[in-house]
$ cat upload_2.pdb   # PDB, C-alpha atoms, pLDDT in the B column
MODEL        1
ATOM      1  CA  MET Y   1      28.741  -0.954 -10.612  1.00 60.00           C
ATOM      2  CA  SER Y   2      28.785  -4.762 -10.841  1.00 80.00           C
ATOM      3  CA  LEU Y   3      28.277  -5.045  -7.061  1.00 83.00           C
ATOM      4  CA  VAL Y   4      25.175  -2.851  -7.347  1.00 90.00           C
ATOM      5  CA  ALA Y   5      23.907  -4.853 -10.344  1.00 92.00           C
ATOM      6  CA  GLU Y   6      24.212  -8.043  -8.269  1.00 92.00           C
ATOM      7  CA  LEU Y   7      22.403  -6.299  -5.393  1.00 92.00           C
ATOM      8  CA  VAL Y   8      19.527  -5.202  -7.647  1.00 93.00           C
ATOM      9  CA  ASP Y   9      19.236  -8.694  -9.178  1.00 94.00           C
ATOM     10  CA  GLU Y  10      19.099 -10.295  -5.716  1.00 93.00           C
ATOM     11  CA  CYS Y  11      16.485  -7.817  -4.468  1.00 93.00           C
ATOM     12  CA  CYS Y  12      14.295  -8.343  -7.539  1.00 92.00           C
ATOM     13  CA  ARG Y  13      14.545 -12.107  -7.073  1.00 92.00           C
ATOM     14  CA  ARG Y  14      13.507 -11.834  -3.424  1.00 91.00           C
ATOM     15  CA  VAL Y  15      10.503  -9.549  -3.930  1.00 91.00           C
ATOM     16  CA  ASP Y  16       9.013 -11.489  -6.853  1.00 87.00           C
ATOM     17  CA  GLY Y  17       7.479  -8.431  -8.573  1.00 88.00           C
ATOM     18  CA  ARG Y  18       6.254  -6.613  -5.462  1.00 90.00           C
ATOM     19  CA  ALA Y  19       7.110  -2.913  -5.120  1.00 92.00           C
ATOM     20  CA  VAL Y  20       9.931  -2.082  -2.687  1.00 93.00           C
ATOM     21  CA  SER Y  21      10.189   0.953  -0.399  1.00 93.00           C
ATOM     22  CA  LEU Y  22      13.614   0.399   1.212  1.00 94.00           C
ATOM     23  CA  VAL Y  23      16.845  -1.471   0.530  1.00 95.00           C
ATOM     24  CA  ARG Y  24      19.370  -1.391   3.367  1.00 94.00           C
ATOM     25  CA  VAL Y  25      22.992  -2.414   2.773  1.00 92.00           C
ATOM     26  CA  ARG Y  26      26.356  -2.443   4.529  1.00 89.00           C
ATOM     27  CA  CYS Y  27      29.426  -1.399   2.510  1.00 85.00           C
ATOM     28  CA  SER Y  28      33.159  -1.571   3.218  1.00 77.00           C
ATOM     29  CA  LEU Y  29      34.267   1.119   0.769  1.00 71.00           C
ATOM     30  CA  PRO Y  30      34.821   4.629   2.113  1.00 63.00           C
ATOM     31  CA  ASP Y  31      33.237   7.698   0.503  1.00 64.00           C
ATOM     32  CA  ILE Y  32      31.240   5.703  -2.035  1.00 71.00           C
ATOM     33  CA  ASP Y  33      27.680   6.495  -0.960  1.00 73.00           C
ATOM     34  CA  GLY Y  34      27.126   8.899  -3.882  1.00 83.00           C
ATOM     35  CA  GLU Y  35      28.322   6.392  -6.452  1.00 86.00           C
ATOM     36  CA  LEU Y  36      26.185   3.626  -4.914  1.00 87.00           C
ATOM     37  CA  GLN Y  37      23.116   5.870  -4.950  1.00 90.00           C
ATOM     38  CA  GLN Y  38      23.684   6.845  -8.583  1.00 92.00           C
ATOM     39  CA  ALA Y  39      24.220   3.260  -9.760  1.00 93.00           C
ATOM     40  CA  PHE Y  40      21.200   2.067  -7.740  1.00 94.00           C
ATOM     41  CA  THR Y  41      18.976   4.738  -9.305  1.00 94.00           C
ATOM     42  CA  MET Y  42      20.141   3.862 -12.832  1.00 95.00           C
ATOM     43  CA  LEU Y  43      19.806   0.093 -12.374  1.00 94.00           C
ATOM     44  CA  THR Y  44      16.409   0.110 -10.642  1.00 94.00           C
ATOM     45  CA  ALA Y  45      14.506   2.166 -13.240  1.00 93.00           C
ATOM     46  CA  ALA Y  46      11.407   0.261 -14.420  1.00 91.00           C
ATOM     47  CA  THR Y  47      11.858  -2.440 -11.759  1.00 92.00           C
ATOM     48  CA  PRO Y  48       9.986  -3.102  -8.511  1.00 92.00           C
ATOM     49  CA  LEU Y  49      12.816  -1.179  -6.798  1.00 93.00           C
ATOM     50  CA  GLN Y  50      12.349   2.039  -8.805  1.00 93.00           C
ATOM     51  CA  ASP Y  51      10.909   4.010  -5.864  1.00 93.00           C
ATOM     52  CA  ALA Y  52      12.997   2.355  -3.156  1.00 94.00           C
ATOM     53  CA  VAL Y  53      15.315   4.301  -0.888  1.00 94.00           C
ATOM     54  CA  LEU Y  54      18.846   2.897  -0.689  1.00 93.00           C
ATOM     55  CA  GLN Y  55      20.163   3.170   2.867  1.00 92.00           C
ATOM     56  CA  VAL Y  56      23.923   2.603   3.189  1.00 90.00           C
ATOM     57  CA  GLU Y  57      25.704   1.697   6.417  1.00 89.00           C
ATOM     58  CA  THR Y  58      29.462   2.125   6.063  1.00 83.00           C
ATOM     59  CA  LEU Y  59      31.888  -0.360   7.606  1.00 80.00           C
ATOM     60  CA  PRO Y  60      35.478   0.509   8.437  1.00 78.00           C
ATOM     61  CA  VAL Y  61      38.008  -0.465   5.772  1.00 77.00           C
ATOM     62  CA  ILE Y  62      40.323  -3.236   6.996  1.00 80.00           C
ATOM     63  CA  VAL Y  63      43.821  -3.410   5.534  1.00 80.00           C
ATOM     64  CA  ASP Y  64      46.178  -6.369   5.554  1.00 82.00           C
ATOM     65  CA  CYS Y  65      49.888  -5.718   4.931  1.00 86.00           C
ATOM     66  CA  PRO Y  66      52.651  -8.309   4.376  1.00 90.00           C
ATOM     67  CA  CYS Y  67      54.543  -6.702   7.282  1.00 91.00           C
ATOM     68  CA  GLY Y  68      51.903  -8.135   9.603  1.00 91.00           C
ATOM     69  CA  TYR Y  69      49.710  -5.093  10.134  1.00 87.00           C
ATOM     70  CA  VAL Y  70      45.999  -5.943  10.016  1.00 86.00           C
ATOM     71  CA  GLY Y  71      43.505  -3.354  11.083  1.00 83.00           C
ATOM     72  CA  PRO Y  72      41.289  -0.447  10.209  1.00 79.00           C
ATOM     73  CA  ALA Y  73      42.646   2.105   7.778  1.00 75.00           C
ATOM     74  CA  ALA Y  74      42.395   5.766   8.645  1.00 72.00           C
ATOM     75  CA  GLU Y  75      41.196   8.047   5.839  1.00 69.00           C
ATOM     76  CA  ASP Y  76      44.619   9.660   5.559  1.00 69.00           C
ATOM     77  CA  VAL Y  77      46.216   6.338   4.477  1.00 71.00           C
ATOM     78  CA  LEU Y  78      43.639   5.495   1.778  1.00 72.00           C
ATOM     79  CA  VAL Y  79      44.143   6.520  -1.842  1.00 69.00           C
ATOM     80  CA  GLY Y  80      41.302   5.148  -3.954  1.00 68.00           C
ATOM     81  CA  HIS Y  81      41.470   1.372  -3.527  1.00 73.00           C
ATOM     82  CA  LEU Y  82      45.046   1.477  -2.228  1.00 80.00           C
ATOM     83  CA  PHE Y  83      46.370   2.066   1.270  1.00 83.00           C
ATOM     84  CA  VAL Y  84      49.639   3.105   2.809  1.00 85.00           C
ATOM     85  CA  CYS Y  85      50.520   0.828   5.717  1.00 85.00           C
ATOM     86  CA  PRO Y  86      50.734   2.812   8.970  1.00 83.00           C
ATOM     87  CA  ASP Y  87      53.539   0.524  10.223  1.00 87.00           C
ATOM     88  CA  CYS Y  88      55.911   0.108   7.250  1.00 88.00           C
ATOM     89  CA  SER Y  89      54.642   2.673   4.654  1.00 86.00           C
ATOM     90  CA  ARG Y  90      54.256  -0.047   1.995  1.00 88.00           C
ATOM     91  CA  VAL Y  91      51.482   0.602  -0.559  1.00 86.00           C
ATOM     92  CA  GLY Y  92      48.989  -2.201  -1.146  1.00 81.00           C
ATOM     93  CA  PRO Y  93      45.435  -2.884  -2.322  1.00 79.00           C
ATOM     94  CA  VAL Y  94      42.483  -2.696   0.033  1.00 75.00           C
ATOM     95  CA  ARG Y  95      40.703  -6.044   0.501  1.00 70.00           C
ATOM     96  CA  SER Y  96      37.898  -6.741  -1.924  1.00 61.00           C
ATOM     97  CA  PRO Y  97      34.951  -4.463  -1.272  1.00 64.00           C
ATOM     98  CA  THR Y  98      31.838  -5.953   0.214  1.00 75.00           C
ATOM     99  CA  LEU Y  99      28.241  -4.938  -0.237  1.00 82.00           C
ATOM    100  CA  GLU Y 100      26.046  -6.844   2.191  1.00 87.00           C
ATOM    101  CA  LEU Y 101      22.273  -6.851   1.799  1.00 91.00           C
ATOM    102  CA  LEU Y 102      20.666  -6.288   5.200  1.00 92.00           C
ATOM    103  CA  GLU Y 103      17.001  -5.633   4.431  1.00 92.00           C
ATOM    104  CA  VAL Y 104      14.495  -5.363   1.584  1.00 92.00           C
ATOM    105  CA  ARG Y 105      11.254  -3.732   2.696  1.00 92.00           C
ATOM    106  CA  MET Y 106       8.178  -4.097   0.494  1.00 90.00           C
ATOM    107  CA  SER Y 107       5.770  -1.210  -0.096  1.00 86.00           C
ATOM    108  CA  LEU Y 108       2.539  -1.812   1.756  1.00 78.00           C
ATOM    109  CA  SER Y 109       0.046  -0.089  -0.507  1.00 58.00           C
ATOM    110  CA  THR Y 110       1.211   0.349  -4.088  1.00 53.00           C
ATOM    111  CA  PRO Y 111       1.820  -2.622  -6.382  1.00 51.00           C
ATOM    112  CA  PHE Y 112       4.502  -2.328  -9.046  1.00 51.00           C
ATOM    113  CA  PRO Y 113       2.959  -1.234 -12.406  1.00 51.00           C
ATOM    114  CA  GLY Y 114       1.941  -4.325 -14.287  1.00 47.00           C
ATOM    115  CA  GLU Y 115       1.338  -6.258 -11.073  1.00 47.00           C
ATOM    116  CA  ILE Y 116      -2.241  -7.282 -10.480  1.00 40.00           C
ATOM    117  CA  ALA Y 117      -3.473  -6.098  -7.117  1.00 41.00           C
ATOM    118  CA  SER Y 118      -5.386  -8.667  -5.102  1.00 39.00           C
ATOM    119  CA  PRO Y 119      -9.130  -8.045  -4.909  1.00 41.00           C
ATOM    120  CA  ARG Y 120     -10.331  -7.114  -1.448  1.00 41.00           C
ATOM    121  CA  ASP Y 121     -13.029  -9.239   0.130  1.00 39.00           C
TER     122      ASP Y 121
ENDMDL
END
$ encode --input "upload_2.pdb" --output "structure tokens"
Amino acid sequence: MSLVAELVDECCRRVDGRAVSLVRVRCSLPDIDGELQQAFTMLTAATPLQDAVLQVETLPVIVDCPCGYVGPAAEDVLVGHLFVCPDCSRVGPVRSPTLELLEVRMSLSTPFPGEIASPRD
């Protein structure tokens, strides 16, 4: 949840009070889209991101074993945040997860409640 909290803080900083329609991210954790969506929904309530859609692009999980194996991990060797090395069968932690912000798209028509809309000339 702390990665999502950092994401929400960064998005709010970038949009400076303007309403957001889309946040697009890249994530290196498998099968976490539901948890990301839930945390995003909880943390964006009453913020300029409250109506934003969170779009998640998943990256392959890369594992790094002391035996020398470095490469993508197949789903059958992942157990939570641990992996089983396909070369030596050693169990080890997956590298730190990443959540990369790719895009923050502002809403074109609706200001965030409390924001003063610009008068039209």
$ atom_distance --input "upload_2.pdb" --atom1 "CA of Thr41 (chain Y)" --atom2 "CA of His81 (chain Y)"
23.5 Å
$ atom_distance --input "upload_2.pdb" --atom1 "CA of Val63 (chain Y)" --atom2 "CA of Cys27 (chain Y)"
14.8 Å
$ closest_residue --input "upload_2.pdb" --among "Y:Val91, Y:Val56, Y:Leu3, Y:Cys12" --to "Val25 (chain Y)" --atoms "only C-alpha atoms"
Y:Val56
$ resolve_selection --input "upload_2.pdb" --expression "the PyMOL selection byres ((chain Y and resi 60) around 9)" --output "number ranges by chain"
Y: 27-30, 58-59, 61-62, 72-74
$ atom_distance --input "upload_2.pdb" --atom1 "CA of Ala52 (chain Y)" --atom2 "CA of Ser2 (chain Y)"
18.9 Å
$ residues_around --input "upload_2.pdb" --residues "Val15 (chain Y)" --least-positions-apart "2" --cutoff "9 Å" --atoms "all atoms listed in the file" --output "MDAnalysis selection string"
chainID Y and resid 10:13 17:20 48 104:106
$ closest_residue --input "upload_2.pdb" --among "Y:Leu82, Y:Asp87, Y:Leu49, Y:Glu57" --to "Tyr69 (chain Y)" --atoms "all atoms listed in the file"
Y:Asp87
$ resolve_selection --input "upload_2.pdb" --expression "the PyMOL selection byres ((chain Y and resi 5) around 10)" --output "list in words"
Met1, Ser2, Leu3, Val4, Glu6, Leu7, Val8, Asp9, Glu10, Cys11, Ala39, Phe40, Met42, Leu43 and Thr44 of chain Y
$ resolve_selection --input "upload_2.pdb" --expression "the PyMOL selection byres ((chain Y and resi 100) around 8)" --output "list in words"
Val25, Arg26, Cys27, Thr98, Leu99, Leu101 and Leu102 of chain Y
$ closest_residue --input "upload_2.pdb" --among "Y:Asp33, Y:Asp51, Y:Asp64, Y:Asp16" --to "Gly92 (chain Y)" --atoms "all atoms listed in the file"
Y:Asp64
$ decode --input "upload_2.pdb" --residues "region 78-92 of chain Y" --atoms "N, CA and C atoms" --output "PDB file, in the first residue's frame"
ATOM      1  N   LEU Y  78       6.923 -18.763  -8.721  1.00  0.00           N
ATOM      2  CA  LEU Y  78       6.671 -17.654  -7.802  1.00  0.00           C
ATOM      3  C   LEU Y  78       5.716 -18.090  -6.699  1.00  0.00           C
ATOM      4  N   VAL Y  79       6.056 -17.758  -5.470  1.00  0.00           N
ATOM      5  CA  VAL Y  79       5.201 -18.007  -4.320  1.00  0.00           C
ATOM      6  C   VAL Y  79       5.187 -16.719  -3.521  1.00  0.00           C
ATOM      7  N   GLY Y  80       4.139 -15.910  -3.703  1.00  0.00           N
ATOM      8  CA  GLY Y  80       4.106 -14.599  -3.055  1.00  0.00           C
ATOM      9  C   GLY Y  80       5.247 -13.748  -3.569  1.00  0.00           C
ATOM     10  N   HIS Y  81       6.109 -13.297  -2.657  1.00  0.00           N
ATOM     11  CA  HIS Y  81       7.262 -12.475  -3.040  1.00  0.00           C
ATOM     12  C   HIS Y  81       8.547 -13.296  -3.049  1.00  0.00           C
ATOM     13  N   LEU Y  82       8.399 -14.615  -3.113  1.00  0.00           N
ATOM     14  CA  LEU Y  82       9.548 -15.515  -3.186  1.00  0.00           C
ATOM     15  C   LEU Y  82       9.521 -16.255  -4.516  1.00  0.00           C
ATOM     16  N   PHE Y  83      10.685 -16.733  -4.934  1.00  0.00           N
ATOM     17  CA  PHE Y  83      10.760 -17.534  -6.150  1.00  0.00           C
ATOM     18  C   PHE Y  83      11.606 -18.766  -5.884  1.00  0.00           C
ATOM     19  N   VAL Y  84      11.383 -19.756  -6.725  1.00  0.00           N
ATOM     20  CA  VAL Y  84      12.207 -20.959  -6.708  1.00  0.00           C
ATOM     21  C   VAL Y  84      13.045 -20.903  -7.983  1.00  0.00           C
ATOM     22  N   CYS Y  85      14.353 -20.890  -7.829  1.00  0.00           N
ATOM     23  CA  CYS Y  85      15.250 -20.763  -8.970  1.00  0.00           C
ATOM     24  C   CYS Y  85      15.051 -21.947  -9.927  1.00  0.00           C
ATOM     25  N   PRO Y  86      14.865 -21.666 -11.213  1.00  0.00           N
ATOM     26  CA  PRO Y  86      14.680 -22.748 -12.179  1.00  0.00           C
ATOM     27  C   PRO Y  86      15.960 -23.546 -12.439  1.00  0.00           C
ATOM     28  N   ASP Y  87      17.121 -23.001 -12.063  1.00  0.00           N
ATOM     29  CA  ASP Y  87      18.386 -23.713 -12.283  1.00  0.00           C
ATOM     30  C   ASP Y  87      18.813 -24.564 -11.086  1.00  0.00           C
ATOM     31  N   CYS Y  88      18.727 -24.005  -9.866  1.00  0.00           N
ATOM     32  CA  CYS Y  88      19.271 -24.725  -8.701  1.00  0.00           C
ATOM     33  C   CYS Y  88      18.226 -25.060  -7.645  1.00  0.00           C
ATOM     34  N   SER Y  89      16.983 -24.609  -7.811  1.00  0.00           N
ATOM     35  CA  SER Y  89      15.865 -24.859  -6.881  1.00  0.00           C
ATOM     36  C   SER Y  89      15.997 -24.129  -5.548  1.00  0.00           C
ATOM     37  N   ARG Y  90      16.931 -23.202  -5.435  1.00  0.00           N
ATOM     38  CA  ARG Y  90      17.069 -22.397  -4.216  1.00  0.00           C
ATOM     39  C   ARG Y  90      15.884 -21.426  -4.132  1.00  0.00           C
ATOM     40  N   VAL Y  91      15.412 -21.156  -2.926  1.00  0.00           N
ATOM     41  CA  VAL Y  91      14.318 -20.206  -2.710  1.00  0.00           C
ATOM     42  C   VAL Y  91      14.923 -18.864  -2.330  1.00  0.00           C
ATOM     43  N   GLY Y  92      14.421 -17.795  -2.945  1.00  0.00           N
ATOM     44  CA  GLY Y  92      14.938 -16.461  -2.644  1.00  0.00           C
ATOM     45  C   GLY Y  92      13.883 -15.405  -2.870  1.00  0.00           C
TER      46      GLY Y  92
END
